[in-house]
Amino acid sequence: MAAVAAGPDHLFNLRNNFYLGAYQAAINNSELPNLSPDDAVERDCLVFRSYIALGSYQLVINEIDASAATPLQAVKLLALYLSGPDYRESAISSLKELLADPAIGNNPILRLIAGTVFMHEQDYNEALKHTNAGGTMELNALNIQIFLKMHRSDYAERQLRVMQQVDEDHTLTQLANAWLNLAVGGSKIQEAYLIFQDFSEKSQVTSLILNGKAVCCMHMGNFDEAESLLVEALTKDAKDPETLANLVVCYLHLGKSPSRFLSQLKLGHPDHVLVKRAAAAEEGFDRAIQSVA
């Protein structure tokens, strides 16, 4: 940490834009002067990851060539992995090759991308193999996401305490705190809402922040407020899968038809967990009808 404290953190605003889902702002404000070679690589990684978050996978694949630094190669593999089911196997295979190389296998961005990919694969033990040692705030935050997917809020809480000891006010520490509060539920939901509310007052209001507030509202039974937050999120990014999925849930609770949002989700994000659950429910219903028939 001493090296960071020794001079100004040129990437502070860029990182925060990325963490809070202001991806276009991250891209637009990425021309930063006087960066060290390491900072320049980290800047490029954040910019390309912002393009990935916006769904511009092919741009990232085209722009990062074979001579790029290891972290950028890892980001390219993430774009390849997300670009379609046909590329997943080769992306994972290439990722494993990089991880097996003792000269670069411990690179924090490479480990972060590996954790992200294996979390997508729902292979949580494999993901933790690469992320559990931590080392950066992003790796710590990813550990919390993985633990919550595994329904281990006890481990997530332990990891959050580590982050709080490093920097209690860090954007990722605050976000991770909100995720954990949502998972624990009960009176913690209000605390999560206040974290997202604080972000919306201090930062550019993004789809990520609006979805965070909306999920808190739904947990508290405030579905009308959740709907208005999600409709606002839709104006910022009409294709965001989390907004569409949350609107489906919200509309069901409000007694409105969610079919338009579910159709959009099926078309744009056929692998989304809600689409898979809906398909499984439809199959179960069809089987029940046939057994009666």
# chains A, B, ... in the order shown; residues from 1 in each chain; ligands from 1
>>> closest_atom_pairs(of="range 22-105 of chain A", to="range 217-238 of chain A", cutoff="12 Å", atoms="only C-alpha atoms", output="JSON lines")
{"residue": "A:Ala22", "atom": "CA", "partner": "A:Lys236", "partner_atom": "CA", "distance": 10.1}
{"residue": "A:Tyr23", "atom": "CA", "partner": "A:Asp237", "partner_atom": "CA", "distance": 10.9}
{"residue": "A:Gln24", "atom": "CA", "partner": "A:Lys236", "partner_atom": "CA", "distance": 10.9}
{"residue": "A:Ala53", "atom": "CA", "partner": "A:Asp237", "partner_atom": "CA", "distance": 11.2}
{"residue": "A:Leu54", "atom": "CA", "partner": "A:Asp237", "partner_atom": "CA", "distance": 9.0}
{"residue": "A:Gly55", "atom": "CA", "partner": "A:Asp237", "partner_atom": "CA", "distance": 11.2}
>>> select_by_dssp(residues="range 7-189 of chain A", states="helix (DSSP H, G or I)", output="MDAnalysis selection string")
chainID A and resid 12:19 23:28 37:53 57:63 70:82 85:100 108:120 124:131 137:149 153:167 171:184 188:189
>>> residues_around(residues="range 246-249 of chain A", least_positions_apart="5", cutoff="8 Å", atoms="only C-alpha atoms", output="PyMOL selection string")
chain A and resi 211+215+227+230+258-259+261-262
>>> closest_residue(among="A:Asp101, A:Phe12, A:Gln58, A:Tyr51", to="Asn28 in chain A", atoms="only C-alpha atoms")
A:Tyr51
>>> atom_distance(atom1="CA of Ser257 in chain A", atom2="CA of Ile189 in chain A")
26.7 Å
>>> atom_distance(atom1="CA of Gln159 in chain A", atom2="CA of Ile146 in chain A")
11.0 Å
>>> atom_distance(atom1="CA of Pro71 in chain A", atom2="CA of Arg152 in chain A")
29.4 Å
>>> closest_residue(among="A:Tyr87, A:Ile109, A:Ala141, A:Gln174", to="Arg158 in chain A", atoms="only C-alpha atoms")
A:Ala141
>>> residues_around(residues="Ala100 in chain A", least_positions_apart="6", cutoff="12 Å", atoms="only C-alpha atoms", output="MDAnalysis selection string")
chainID A and resid 93:94 106:107 110:111 114 130
>>> residues_around(residues="Ile92 in chain A", least_positions_apart="6", cutoff="9 Å", atoms="only C-alpha atoms", output="VMD selection string")
chain A and resid 77 to 78 81 114 117 to 118
>>> write_last_selection(atoms="C-alpha atoms", output="PDB file, in the first residue's frame")
ATOM      1  CA  LEU A  77     -10.175 -14.016 -22.832  1.00  0.00           C
ATOM      2  CA  LEU A  78     -13.056 -12.691 -20.704  1.00  0.00           C
ATOM      3  CA  TYR A  81     -15.717 -16.239 -23.046  1.00  0.00           C
ATOM      4  CA  ALA A 114     -10.215 -16.488 -13.771  1.00  0.00           C
ATOM      5  CA  VAL A 117     -15.093 -16.840 -15.507  1.00  0.00           C
ATOM      6  CA  PHE A 118     -15.310 -19.785 -13.083  1.00  0.00           C
TER       7      PHE A 118
END
